[in-house]
>>> print(open('upload.cif').read())   # mmCIF, C-alpha atoms
data_work
#
loop_
_atom_site.label_atom_id
_atom_site.label_comp_id
_atom_site.auth_asym_id
_atom_site.auth_seq_id
_atom_site.Cartn_x
_atom_site.Cartn_y
_atom_site.Cartn_z
CA MET A 1 8.79 -34.13 29.52
CA MET A 2 7.53 -30.92 30.95
CA ASN A 3 4.45 -29.21 29.66
CA GLU A 4 3.70 -25.63 30.42
CA PHE A 5 0.06 -25.12 31.24
CA THR A 6 -1.36 -21.66 30.90
CA LEU A 7 -4.32 -20.61 33.00
CA TRP A 8 -6.44 -20.89 29.87
CA ASP A 9 -5.29 -24.50 29.34
CA ILE A 10 -6.32 -25.35 32.88
CA ILE A 11 -9.72 -23.73 32.52
CA ARG A 12 -10.33 -25.34 29.12
CA ASN A 13 -9.53 -28.81 30.46
CA LEU A 14 -11.67 -28.28 33.55
CA GLY A 15 -14.47 -27.22 31.21
CA THR A 16 -14.29 -30.58 29.46
CA GLY A 17 -14.36 -32.32 32.84
CA ALA A 18 -17.35 -30.23 33.89
CA ALA A 19 -19.19 -31.30 30.73
CA TRP A 20 -18.77 -34.94 31.82
CA THR A 21 -19.98 -34.02 35.31
CA ILE A 22 -23.10 -32.46 33.79
CA GLY A 23 -23.65 -35.47 31.51
CA LEU A 24 -23.30 -37.93 34.36
CA SER A 25 -25.55 -35.85 36.66
CA LEU A 26 -28.28 -35.66 34.02
CA THR A 27 -28.06 -39.38 33.28
CA ALA A 28 -28.18 -40.33 36.94
CA PHE A 29 -31.00 -37.91 37.67
CA VAL A 30 -33.23 -38.93 34.76
CA LEU A 31 -32.63 -42.69 35.00
CA GLY A 32 -32.62 -42.49 38.80
CA GLY A 33 -35.93 -40.65 38.66
CA ILE A 34 -37.52 -43.34 36.51
CA ALA A 35 -36.09 -46.13 38.67
CA GLY A 36 -37.10 -44.16 41.76
CA LEU A 37 -40.69 -44.07 40.57
CA LEU A 38 -40.68 -47.87 40.29
CA VAL A 39 -39.09 -48.21 43.73
CA LEU A 40 -41.70 -45.80 45.10
CA ALA A 41 -44.53 -47.83 43.57
CA ALA A 42 -43.15 -51.00 45.16
CA ARG A 43 -42.43 -49.22 48.46
CA ILE A 44 -46.08 -48.18 48.90
CA SER A 45 -47.73 -51.19 47.23
CA HIS A 46 -50.16 -53.47 49.06
CA LYS A 47 -47.79 -56.43 48.97
CA PRO A 48 -45.80 -56.64 52.21
CA TRP A 49 -42.84 -58.49 50.67
CA LEU A 50 -42.48 -55.80 48.01
CA ARG A 51 -42.72 -53.03 50.60
CA LYS A 52 -40.15 -54.71 52.85
CA SER A 53 -37.67 -55.49 50.11
CA MET A 54 -37.81 -51.90 48.84
CA ARG A 55 -37.34 -50.62 52.35
CA GLY A 56 -34.22 -52.78 52.51
CA TYR A 57 -33.07 -51.41 49.15
CA ILE A 58 -33.45 -47.83 50.33
CA GLU A 59 -31.74 -48.48 53.65
CA LEU A 60 -28.88 -50.22 51.89
CA PHE A 61 -28.19 -47.16 49.76
CA GLN A 62 -28.76 -44.65 52.55
CA GLY A 63 -26.71 -46.60 55.08
CA THR A 64 -23.52 -47.21 53.08
CA PRO A 65 -21.06 -44.75 51.53
CA LEU A 66 -21.56 -43.92 47.84
CA LEU A 67 -17.88 -44.73 47.31
CA LEU A 68 -18.40 -48.33 48.45
CA GLN A 69 -21.51 -48.66 46.28
CA LEU A 70 -19.38 -47.65 43.31
CA PHE A 71 -16.59 -50.07 44.28
CA LEU A 72 -19.11 -52.90 44.61
CA ILE A 73 -20.61 -52.24 41.19
CA PHE A 74 -17.21 -51.74 39.60
CA PHE A 75 -15.75 -54.96 40.99
CA GLY A 76 -19.03 -56.85 41.20
CA ILE A 77 -19.81 -56.66 37.49
CA ALA A 78 -16.20 -57.51 36.71
CA LEU A 79 -16.80 -60.82 38.50
CA LEU A 80 -19.25 -61.77 35.76
CA GLY A 81 -16.34 -61.59 33.37
CA ILE A 82 -17.49 -58.31 31.86
CA ASP A 83 -14.98 -55.50 31.67
CA VAL A 84 -16.73 -52.46 33.13
CA PRO A 85 -15.64 -49.06 31.89
CA PRO A 86 -15.61 -46.46 34.68
CA TRP A 87 -18.36 -44.36 33.06
CA LEU A 88 -20.75 -47.32 33.11
CA ALA A 89 -20.04 -48.16 36.75
CA ALA A 90 -20.37 -44.47 37.60
CA ALA A 91 -23.69 -44.06 35.76
CA LEU A 92 -25.14 -47.29 37.16
CA GLY A 93 -23.97 -46.58 40.71
CA LEU A 94 -25.29 -43.03 40.78
CA THR A 95 -28.57 -44.09 39.17
CA LEU A 96 -29.22 -46.66 41.89
CA PHE A 97 -28.13 -44.20 44.59
CA THR A 98 -30.45 -41.52 43.18
CA SER A 99 -33.39 -43.92 42.82
CA ALA A 100 -33.19 -44.89 46.50
CA TYR A 101 -33.07 -41.30 47.74
CA LEU A 102 -35.75 -39.99 45.37
CA ALA A 103 -38.08 -42.90 46.22
CA GLU A 104 -37.75 -42.04 49.91
CA ILE A 105 -38.32 -38.31 49.31
CA TRP A 106 -41.36 -39.01 47.15
CA ARG A 107 -42.76 -41.53 49.62
CA GLY A 108 -42.93 -38.72 52.16
CA CYS A 109 -44.84 -36.61 49.62
CA VAL A 110 -47.31 -39.39 48.81
CA GLU A 111 -47.90 -40.05 52.49
CA ALA A 112 -48.63 -36.38 53.03
CA ILE A 113 -51.76 -36.79 50.89
CA PRO A 114 -54.74 -37.19 53.25
CA LYS A 115 -56.17 -40.71 53.64
CA GLY A 116 -59.58 -39.41 52.61
CA GLN A 117 -58.29 -38.94 49.07
CA TRP A 118 -57.46 -42.64 48.85
CA GLU A 119 -60.80 -43.62 50.36
CA ALA A 120 -62.81 -41.31 48.13
CA SER A 121 -61.08 -42.56 44.99
CA ALA A 122 -61.48 -46.17 46.14
CA SER A 123 -65.20 -45.58 46.62
CA LEU A 124 -65.28 -44.45 42.98
CA ALA A 125 -64.06 -47.96 42.11
CA MET A 126 -60.71 -46.74 40.92
CA THR A 127 -57.93 -49.30 40.76
CA TRP A 128 -54.69 -48.70 42.64
CA VAL A 129 -53.00 -47.54 39.45
CA GLU A 130 -55.85 -45.16 38.66
CA GLN A 131 -55.82 -43.78 42.21
CA MET A 132 -52.12 -43.09 41.88
CA ARG A 133 -52.36 -41.70 38.36
CA TYR A 134 -55.37 -39.42 38.72
CA VAL A 135 -55.66 -38.59 42.41
CA VAL A 136 -52.56 -39.06 44.51
CA LEU A 137 -49.57 -38.39 42.25
CA PRO A 138 -50.82 -35.08 40.79
CA GLN A 139 -51.14 -33.71 44.32
CA ALA A 140 -47.95 -35.31 45.61
CA LEU A 141 -46.03 -33.92 42.64
CA ARG A 142 -46.73 -30.37 43.80
CA ILE A 143 -45.15 -31.03 47.19
CA ALA A 144 -42.31 -33.04 45.65
CA VAL A 145 -40.88 -30.44 43.27
CA ALA A 146 -38.85 -28.40 45.78
CA PRO A 147 -37.14 -31.31 47.61
CA THR A 148 -36.48 -33.04 44.27
CA VAL A 149 -34.71 -30.00 42.87
CA GLY A 150 -32.86 -29.75 46.19
CA PHE A 151 -31.71 -33.34 45.87
CA SER A 152 -30.35 -32.69 42.38
CA VAL A 153 -27.60 -30.70 44.11
CA GLN A 154 -26.65 -33.86 46.02
CA VAL A 155 -26.50 -35.78 42.72
CA VAL A 156 -24.15 -33.25 41.12
CA LYS A 157 -21.92 -33.33 44.21
CA GLY A 158 -22.14 -37.13 44.31
CA THR A 159 -20.58 -37.36 40.84
CA ALA A 160 -17.30 -36.12 42.37
CA VAL A 161 -16.89 -39.50 44.08
CA THR A 162 -16.84 -41.27 40.70
CA SER A 163 -13.42 -39.68 40.13
CA ILE A 164 -12.10 -42.31 42.55
CA ILE A 165 -13.05 -45.19 40.25
CA GLY A 166 -11.33 -43.31 37.43
CA PHE A 167 -14.15 -41.50 35.66
CA ALA A 168 -12.60 -38.35 34.18
CA GLU A 169 -15.15 -35.79 35.33
CA LEU A 170 -14.43 -32.42 36.94
CA THR A 171 -12.67 -33.66 40.11
CA LYS A 172 -10.56 -36.28 38.30
CA THR A 173 -9.56 -33.70 35.68
CA GLY A 174 -8.61 -31.42 38.56
CA SER A 175 -6.44 -34.10 40.20
CA MET A 176 -4.63 -34.77 36.94
CA LEU A 177 -4.10 -31.06 36.28
CA SER A 178 -2.92 -30.51 39.83
CA ASN A 179 -0.31 -33.27 39.41
CA ALA A 180 0.80 -31.88 36.07
CA THR A 181 1.00 -28.21 37.01
CA PHE A 182 1.98 -28.36 40.71
CA LYS A 183 -0.65 -25.71 41.36
CA PRO A 184 -3.07 -27.56 43.65
CA PHE A 185 -4.39 -24.40 45.31
CA LEU A 186 -5.39 -22.81 42.02
CA VAL A 187 -6.67 -25.99 40.40
CA TYR A 188 -8.78 -27.24 43.32
CA GLY A 189 -10.04 -23.71 43.86
CA LEU A 190 -11.23 -23.65 40.25
CA VAL A 191 -12.73 -27.14 40.60
CA ALA A 192 -14.68 -25.99 43.65
CA LEU A 193 -15.79 -22.90 41.72
CA GLY A 194 -16.97 -25.15 38.90
CA TYR A 195 -19.19 -27.17 41.23
CA PHE A 196 -20.46 -23.99 42.83
CA ILE A 197 -21.49 -22.61 39.43
CA LEU A 198 -23.36 -25.84 38.72
CA CYS A 199 -25.00 -26.25 42.13
CA TYR A 200 -25.77 -22.75 43.36
CA PRO A 201 -28.48 -21.98 40.78
CA LEU A 202 -30.13 -25.31 41.63
CA SER A 203 -30.00 -24.48 45.34
CA LEU A 204 -31.49 -21.03 44.75
CA TYR A 205 -34.23 -22.52 42.57
CA ALA A 206 -35.06 -25.14 45.19
CA ALA A 207 -35.22 -22.48 47.91
CA SER A 208 -37.49 -20.24 45.83
CA LEU A 209 -39.80 -23.17 45.04
CA GLU A 210 -40.01 -23.98 48.71
CA ARG A 211 -40.81 -20.38 49.62
CA LYS A 212 -43.49 -20.26 46.95
CA PHE A 213 -45.00 -23.50 48.20
CA HIS A 214 -44.99 -22.42 51.84
CA HIS A 215 -46.42 -19.08 50.89
CA ALA A 216 -49.27 -20.71 48.97
CA ASN A 217 -50.04 -22.94 51.92
CA ALA A 218 -49.50 -20.49 54.76
CA PRO A 219 -52.60 -19.90 56.89
CA GLY A 220 -54.32 -16.63 56.11
CA SER A 221 -52.50 -16.00 52.86
CA HIS A 222 -55.66 -15.98 50.77
CA MET B 223 -21.48 -68.37 37.17
CA ALA B 224 -17.99 -69.69 37.62
CA TYR B 225 -17.08 -67.37 40.46
CA HIS B 226 -16.77 -68.86 43.94
CA PHE B 227 -17.21 -66.48 46.81
CA ASP B 228 -14.56 -66.73 49.43
CA PHE B 229 -15.35 -64.62 52.44
CA ALA B 230 -12.79 -66.55 54.46
CA ALA B 231 -10.15 -64.58 52.57
CA VAL B 232 -11.28 -61.45 54.45
CA LEU B 233 -11.08 -63.05 57.87
CA PRO B 234 -7.30 -62.81 58.47
CA TYR B 235 -7.63 -59.04 58.12
CA SER B 236 -10.24 -58.55 60.83
CA GLY B 237 -7.69 -56.56 62.83
CA GLN B 238 -7.37 -53.98 60.06
CA LEU B 239 -11.13 -53.83 59.64
CA LEU B 240 -11.67 -53.25 63.33
CA SER B 241 -8.98 -50.58 63.48
CA GLY B 242 -10.52 -48.93 60.40
CA ALA B 243 -13.97 -48.93 61.98
CA VAL B 244 -12.59 -47.43 65.19
CA HIS B 245 -10.87 -44.68 63.22
CA THR B 246 -14.03 -43.96 61.24
CA LEU B 247 -15.97 -43.68 64.49
CA GLY B 248 -13.25 -41.48 65.97
CA LEU B 249 -13.30 -39.16 62.97
CA THR B 250 -17.07 -39.00 63.22
CA ALA B 251 -17.04 -38.28 66.96
CA VAL B 252 -14.52 -35.45 66.71
CA GLY B 253 -15.98 -34.12 63.47
CA ALA B 254 -19.53 -34.21 64.82
CA SER B 255 -18.83 -32.51 68.16
CA LEU B 256 -16.73 -29.72 66.67
CA GLY B 257 -18.96 -29.44 63.60
CA VAL B 258 -22.15 -29.07 65.63
CA SER B 259 -20.43 -26.53 67.91
CA LEU B 260 -19.46 -24.52 64.85
CA GLY B 261 -23.04 -24.93 63.65
CA VAL B 262 -24.38 -23.47 66.91
CA CYS B 263 -22.15 -20.40 66.50
CA GLY B 264 -23.22 -20.05 62.88
CA ALA B 265 -26.89 -20.56 63.67
CA VAL B 266 -26.87 -17.91 66.41
CA SER B 267 -25.06 -15.45 64.15
CA ARG B 268 -27.52 -16.08 61.33
CA ALA B 269 -30.70 -16.16 63.40
CA TRP B 270 -29.87 -13.03 65.41
CA ARG B 271 -28.20 -11.23 62.49
CA LEU B 272 -24.99 -10.53 64.39
CA LYS B 273 -22.81 -8.35 62.18
CA PRO B 274 -20.43 -9.15 60.55
CA PHE B 275 -20.71 -12.89 61.35
CA ASN B 276 -24.17 -13.06 59.83
CA THR B 277 -22.87 -12.37 56.31
CA LEU B 278 -19.69 -14.37 56.87
CA PHE B 279 -21.58 -17.49 57.87
CA GLY B 280 -24.07 -16.93 55.05
CA VAL B 281 -21.31 -17.04 52.44
CA TYR B 282 -19.62 -19.98 54.18
CA VAL B 283 -22.83 -22.03 54.23
CA GLU B 284 -23.51 -21.49 50.53
CA LEU B 285 -19.91 -22.23 49.53
CA ILE B 286 -19.77 -25.48 51.45
CA ARG B 287 -23.26 -26.75 50.64
CA ASN B 288 -22.71 -26.25 46.92
CA THR B 289 -19.36 -28.03 46.55
CA PRO B 290 -18.54 -31.74 47.04
CA PHE B 291 -16.93 -32.93 50.26
CA LEU B 292 -14.20 -34.68 48.24
CA VAL B 293 -13.17 -31.39 46.62
CA GLN B 294 -13.19 -29.62 50.00
CA LEU B 295 -10.96 -32.37 51.35
CA PHE B 296 -8.53 -32.15 48.41
CA PHE B 297 -8.46 -28.38 48.65
CA ILE B 298 -7.52 -28.55 52.32
CA PHE B 299 -5.04 -31.43 52.00
CA PHE B 300 -3.38 -30.63 48.66
CA GLY B 301 -4.21 -26.96 48.14
CA LEU B 302 -3.45 -25.37 51.51
CA PRO B 303 0.21 -26.53 51.69
CA ALA B 304 0.84 -24.19 48.74
CA LEU B 305 0.06 -21.37 51.19
CA GLY B 306 2.46 -22.84 53.71
CA VAL B 307 -0.20 -24.61 55.80
CA LYS B 308 0.96 -28.22 55.95
CA LEU B 309 -1.49 -30.66 57.46
CA ASP B 310 -1.24 -34.38 58.09
CA GLU B 311 -4.03 -36.59 56.73
CA TRP B 312 -5.96 -36.85 60.00
CA THR B 313 -5.94 -33.12 60.66
CA ALA B 314 -7.03 -32.44 57.10
CA ALA B 315 -9.80 -35.05 57.34
CA ILE B 316 -11.09 -33.64 60.62
CA ILE B 317 -10.97 -30.03 59.41
CA ALA B 318 -12.83 -31.01 56.23
CA MET B 319 -15.50 -32.84 58.24
CA VAL B 320 -15.90 -30.01 60.74
CA VAL B 321 -16.13 -27.38 58.01
CA ASN B 322 -18.63 -29.50 56.07
CA LEU B 323 -20.87 -30.41 58.99
CA GLY B 324 -20.58 -26.88 60.37
CA ALA B 325 -22.28 -25.48 57.27
CA TYR B 326 -25.14 -27.97 57.26
CA SER B 327 -25.73 -27.77 61.00
CA THR B 328 -25.72 -23.96 60.84
CA GLU B 329 -28.77 -24.14 58.60
CA ILE B 330 -30.41 -26.98 60.55
CA ILE B 331 -29.99 -25.36 63.98
CA ARG B 332 -30.92 -21.92 62.65
CA ALA B 333 -34.32 -23.29 61.72
CA GLY B 334 -34.68 -24.48 65.32
CA ILE B 335 -33.65 -21.14 66.82
CA GLN B 336 -36.01 -19.21 64.58
CA ALA B 337 -38.85 -21.43 65.73
CA VAL B 338 -38.46 -20.31 69.37
CA PRO B 339 -41.54 -18.18 70.12
CA ARG B 340 -40.80 -14.56 71.06
CA GLY B 341 -43.09 -14.83 74.04
CA GLN B 342 -40.76 -17.36 75.63
CA LEU B 343 -37.85 -14.91 75.45
CA GLU B 344 -40.02 -12.19 76.97
CA ALA B 345 -41.23 -14.56 79.67
CA ALA B 346 -37.65 -15.53 80.47
CA ALA B 347 -36.64 -11.87 80.66
CA SER B 348 -39.54 -11.12 83.00
CA LEU B 349 -38.31 -13.92 85.27
CA ALA B 350 -34.99 -12.05 85.48
CA MET B 351 -33.04 -14.89 83.90
CA THR B 352 -29.50 -13.96 82.92
CA ARG B 353 -28.57 -13.83 79.23
CA ARG B 354 -26.63 -17.03 79.72
CA GLN B 355 -29.59 -18.83 81.24
CA VAL B 356 -31.89 -17.58 78.53
CA PHE B 357 -29.49 -18.78 75.84
CA PHE B 358 -28.99 -22.26 77.20
CA HIS B 359 -32.44 -23.02 78.58
CA ILE B 360 -34.81 -21.07 76.36
CA VAL B 361 -32.98 -20.89 73.05
CA LEU B 362 -30.41 -23.61 72.60
CA ARG B 363 -31.91 -26.65 74.22
CA PRO B 364 -35.43 -26.41 72.77
CA SER B 365 -33.94 -25.61 69.36
CA LEU B 366 -31.62 -28.59 69.43
CA GLN B 367 -34.50 -30.74 70.61
CA LYS B 368 -36.60 -29.70 67.62
CA VAL B 369 -33.91 -30.32 65.03
CA TRP B 370 -32.21 -33.32 66.66
CA PRO B 371 -33.52 -35.87 64.10
CA ALA B 372 -32.25 -33.75 61.18
CA LEU B 373 -28.92 -33.27 62.93
CA THR B 374 -28.65 -37.02 63.52
CA SER B 375 -29.24 -37.74 59.82
CA GLN B 376 -26.63 -35.18 58.82
CA ILE B 377 -24.05 -36.67 61.18
CA VAL B 378 -24.68 -40.14 59.68
CA ILE B 379 -24.28 -38.65 56.19
CA VAL B 380 -20.97 -37.08 57.24
CA MET B 381 -19.80 -40.40 58.67
CA LEU B 382 -20.59 -42.22 55.43
CA GLY B 383 -18.98 -39.38 53.47
CA SER B 384 -15.79 -39.80 55.50
CA SER B 385 -15.08 -42.90 53.40
CA VAL B 386 -13.50 -40.61 50.79
CA CYS B 387 -10.85 -39.65 53.38
CA SER B 388 -9.22 -42.93 52.30
CA GLN B 389 -8.12 -40.96 49.24
CA ILE B 390 -5.74 -38.82 51.28
CA SER B 391 -4.55 -42.05 52.98
CA ALA B 392 -6.25 -41.51 56.31
CA GLU B 393 -6.43 -45.10 57.50
CA GLU B 394 -10.15 -45.36 58.18
CA LEU B 395 -12.52 -48.16 57.23
CA THR B 396 -12.52 -47.69 53.44
CA PHE B 397 -8.74 -47.36 53.46
CA ALA B 398 -8.61 -50.72 55.25
CA ALA B 399 -10.89 -52.18 52.57
CA ASN B 400 -8.65 -50.91 49.77
CA PHE B 401 -5.59 -52.26 51.55
CA ILE B 402 -7.14 -55.68 52.15
CA GLN B 403 -8.41 -56.16 48.60
CA SER B 404 -4.96 -55.29 47.27
CA ARG B 405 -3.58 -58.15 49.39
CA ASN B 406 -6.15 -60.92 49.08
CA PHE B 407 -7.40 -60.03 45.57
CA ARG B 408 -10.94 -60.57 46.79
CA ALA B 409 -12.32 -57.11 46.06
CA PHE B 410 -15.99 -58.03 46.01
CA GLU B 411 -16.00 -59.99 49.27
CA THR B 412 -13.95 -57.32 51.01
CA TYR B 413 -16.15 -54.43 49.90
CA ILE B 414 -19.34 -56.36 50.77
CA THR B 415 -17.98 -56.99 54.26
CA VAL B 416 -17.06 -53.36 54.70
CA ALA B 417 -20.41 -52.16 53.31
CA ILE B 418 -22.16 -54.28 55.94
CA MET B 419 -19.88 -52.81 58.59
CA TYR B 420 -20.88 -49.31 57.47
CA LEU B 421 -24.55 -50.32 57.72
CA PHE B 422 -24.01 -51.38 61.32
CA LEU B 423 -21.98 -48.24 62.07
CA ALA B 424 -24.73 -46.05 60.62
CA PHE B 425 -27.32 -47.93 62.65
CA GLY B 426 -25.18 -47.71 65.80
CA VAL B 427 -24.44 -43.99 65.45
CA ARG B 428 -28.12 -43.27 64.86
CA TRP B 429 -29.06 -45.27 67.96
CA LEU B 430 -26.41 -43.59 70.09
CA LEU B 431 -27.43 -40.10 68.96
CA ASN B 432 -31.08 -40.87 69.70
CA ARG B 433 -30.09 -41.94 73.21
CA LEU B 434 -27.88 -38.87 73.69
CA GLY B 435 -30.73 -36.72 72.45
CA ASP B 436 -33.15 -38.26 74.94
CA ARG B 437 -30.66 -37.89 77.76
CA PHE B 438 -29.27 -34.40 77.22
CA VAL B 439 -31.38 -32.51 74.77
CA ALA B 440 -34.98 -33.56 75.31
CA ARG B 441 -37.12 -31.41 77.55
CA ARG B 442 -36.86 -32.42 81.17
CA VAL B 443 -40.28 -33.28 82.49
CA ALA B 444 -40.92 -32.43 86.12
CA LYS B 445 -41.61 -35.56 88.11
#
>>> encode(input="upload.cif", output="structure tokens")
Amino acid sequence: MMNEFTLWDIIRNLGTGAAWTIGLSLTAFVLGGIAGLLVLAARISHKPWLRKSMRGYIELFQGTPLLLQLFLIFFGIALLGIDVPPWLAAALGLTLFTSAYLAEIWRGCVEAIPKGQWEASASLAMTWVEQMRYVVLPQALRIAVAPTVGFSVQVVKGTAVTSIIGFAELTKTGSMLSNATFKPFLVYGLVALGYFILCYPLSLYAASLERKFHHANAPGSH
Amino acid sequence: MAYHFDFAAVLPYSGQLLSGAVHTLGLTAVGASLGVSLGVCGAVSRAWRLKPFNTLFGVYVELIRNTPFLVQLFFIFFGLPALGVKLDEWTAAIIAMVVNLGAYSTEIIRAGIQAVPRGQLEAAASLAMTRRQVFFHIVLRPSLQKVWPALTSQIVIVMLGSSVCSQISAEELTFAANFIQSRNFRAFETYITVAIMYLFLAFGVRWLLNRLGDRFVARRVAK
């Protein structure tokens, strides 16, 4: 059987793949952000065992390839006798990956808040949760926006690796189209273009946020 | 849980694992040295606005930093042969790594070069240093020193990213893992073992780069 693919067919199919890439990126980023907040809370808590175990968690995800993390989740859950669909392994894997990186980025932001802020809020008899909620996080958030947006580019690009465990996002769609059409140069070129269209605006936004932040904090700018 | 872990099933394949690790390290070594060299060229072109390389490197950096490494690798390995450029898997893997790291290190090193105070260049000129001396001693070394930690992190990221080179059948560490689990049917144990190996590799590469940085890049203090 030989199907003729027109350029429009290729683009239409890649569009569907790109929609899955966007869906997976959003899922991983939102869930990873929530999980990352919990990891962050544990990472900077007063309990040493919590701090240490979260440090281990972060180092585990930052010290191993994303591909292996996906393999481990894919085959690991299968050991429990549950059949894991690729989308679930992909979403879970990327969520954990994102949570580790975001927690580490945000930890840097929280630690950039001067110690005096903690001490002042403690002297007002605030609990740790209140200190975080009303004093530290609102300030840390301002510093965190630019690197967080910057990291979202890494999440979008990370979704490409899930093609290897068989999730039919943009890259996987591209591989299948390339095999069907024998036009790898065109297809992979379009796939790359697709990622560029998704990522470049995010990169530009992150850069402009960073400029704005640096400008606001530059000495003598007032 | 009825599952019994059997890490002994991985043991007979230690030869493959070792060979995979060596190949991953080799890829990283070649990719990192060429990639950082490319980054130095890019950084100088960008920081000093050398036409037309300035614009060329600008476009290159944005293209590479906004597309996944896997797609870059596939484009080079599967796409380029359509133009008559046939590459074996190792060449394709190395080119992809160099091109990828080159873009990131261009931006990293550029930040270092732009942080060199003008006064130092003027001081060097007033000491009648040659352009070559100025470049190596006043610009490059202090810049690299400043950005060495960022460069180290990026090289580790590239090493971990090289695991996807298994997909074009370059026989590095992840390829070895895939091969072994297809033989012993112990996917989980095999991938755990390999994940731990990557952790050690990442740790080792970081340590080595810190030492290299101290030895060759850090400012020499007069004794």
>>> residues_around(input="upload.cif", residues="Tyr326 of chain B", least_positions_apart="3", cutoff="12 Å", atoms="only C-alpha atoms", output="NGL selection string")
:B and (254 or 257-262 or 264-265 or 279-280 or 282-288 or 291 or 319-323 or 329-333 or 369 or 372-377 or 379-380)
>>> resolve_selection(input="upload.cif", expression="the PyMOL selection byres ((chain B) within 10 of (chain A))", output="ChimeraX atom specification")
/B:223-226,284-305,378-386,389,396,399-400,408-414,416-425
>>> write_last_selection(input="upload.cif", atoms="C-alpha atoms", output="mmCIF file, in the coordinates of the input")
data_model
loop_
_atom_site.group_PDB
_atom_site.id
_atom_site.type_symbol
_atom_site.label_atom_id
_atom_site.label_comp_id
_atom_site.auth_asym_id
_atom_site.auth_seq_id
_atom_site.Cartn_x
_atom_site.Cartn_y
_atom_site.Cartn_z
ATOM 1 C CA MET B 223 -21.480 -68.370 37.170
ATOM 2 C CA ALA B 224 -17.990 -69.690 37.620
ATOM 3 C CA TYR B 225 -17.080 -67.370 40.460
ATOM 4 C CA HIS B 226 -16.770 -68.860 43.940
ATOM 5 C CA GLU B 284 -23.510 -21.490 50.530
ATOM 6 C CA LEU B 285 -19.910 -22.230 49.530
ATOM 7 C CA ILE B 286 -19.770 -25.480 51.450
ATOM 8 C CA ARG B 287 -23.260 -26.750 50.640
ATOM 9 C CA ASN B 288 -22.710 -26.250 46.920
ATOM 10 C CA THR B 289 -19.360 -28.030 46.550
ATOM 11 C CA PRO B 290 -18.540 -31.740 47.040
ATOM 12 C CA PHE B 291 -16.930 -32.930 50.260
ATOM 13 C CA LEU B 292 -14.200 -34.680 48.240
ATOM 14 C CA VAL B 293 -13.170 -31.390 46.620
ATOM 15 C CA GLN B 294 -13.190 -29.620 50.000
ATOM 16 C CA LEU B 295 -10.960 -32.370 51.350
ATOM 17 C CA PHE B 296 -8.530 -32.150 48.410
ATOM 18 C CA PHE B 297 -8.460 -28.380 48.650
ATOM 19 C CA ILE B 298 -7.520 -28.550 52.320
ATOM 20 C CA PHE B 299 -5.040 -31.430 52.000
ATOM 21 C CA PHE B 300 -3.380 -30.630 48.660
ATOM 22 C CA GLY B 301 -4.210 -26.960 48.140
ATOM 23 C CA LEU B 302 -3.450 -25.370 51.510
ATOM 24 C CA PRO B 303 0.210 -26.530 51.690
ATOM 25 C CA ALA B 304 0.840 -24.190 48.740
ATOM 26 C CA LEU B 305 0.060 -21.370 51.190
ATOM 27 C CA VAL B 378 -24.680 -40.140 59.680
ATOM 28 C CA ILE B 379 -24.280 -38.650 56.190
ATOM 29 C CA VAL B 380 -20.970 -37.080 57.240
ATOM 30 C CA MET B 381 -19.800 -40.400 58.670
ATOM 31 C CA LEU B 382 -20.590 -42.220 55.430
ATOM 32 C CA GLY B 383 -18.980 -39.380 53.470
ATOM 33 C CA SER B 384 -15.790 -39.800 55.500
ATOM 34 C CA SER B 385 -15.080 -42.900 53.400
ATOM 35 C CA VAL B 386 -13.500 -40.610 50.790
ATOM 36 C CA GLN B 389 -8.120 -40.960 49.240
ATOM 37 C CA THR B 396 -12.520 -47.690 53.440
ATOM 38 C CA ALA B 399 -10.890 -52.180 52.570
ATOM 39 C CA ASN B 400 -8.650 -50.910 49.770
ATOM 40 C CA ARG B 408 -10.940 -60.570 46.790
ATOM 41 C CA ALA B 409 -12.320 -57.110 46.060
ATOM 42 C CA PHE B 410 -15.990 -58.030 46.010
ATOM 43 C CA GLU B 411 -16.000 -59.990 49.270
ATOM 44 C CA THR B 412 -13.950 -57.320 51.010
ATOM 45 C CA TYR B 413 -16.150 -54.430 49.900
ATOM 46 C CA ILE B 414 -19.340 -56.360 50.770
ATOM 47 C CA VAL B 416 -17.060 -53.360 54.700
ATOM 48 C CA ALA B 417 -20.410 -52.160 53.310
ATOM 49 C CA ILE B 418 -22.160 -54.280 55.940
ATOM 50 C CA MET B 419 -19.880 -52.810 58.590
ATOM 51 C CA TYR B 420 -20.880 -49.310 57.470
ATOM 52 C CA LEU B 421 -24.550 -50.320 57.720
ATOM 53 C CA PHE B 422 -24.010 -51.380 61.320
ATOM 54 C CA LEU B 423 -21.980 -48.240 62.070
ATOM 55 C CA ALA B 424 -24.730 -46.050 60.620
ATOM 56 C CA PHE B 425 -27.320 -47.930 62.650
#
>>> closest_residue(input="upload.cif", among="A:Val149, A:Gly23, A:Gln139, A:Ser99", to="Trp118 of chain A", atoms="only C-alpha atoms")
A:Gln139
>>> atom_distance(input="upload.cif", atom1="atom CA of Ala146 of chain A", atom2="atom CA of Leu209 of chain A")
5.4 Å
>>> closest_atom_pairs(input="upload.cif", of="segment 159-220 of chain A", to="segment 4-8 of chain A", cutoff="9 Å", atoms="all atoms listed in the file", output="tab-separated table")
residue	atom	partner	partner_atom	distance
A:Leu177	CA	A:Phe5	CA	8.8
A:Ala180	CA	A:Phe5	CA	8.3
A:Thr181	CA	A:Phe5	CA	6.6
>>> residues_around(input="upload.cif", residues="segment 237-241 of chain B", least_positions_apart="2", cutoff="9 Å", atoms="all atoms listed in the file", output="PyMOL selection string")
chain B and resi 233-235+243-246+393-396+398-399+401-402+416+419
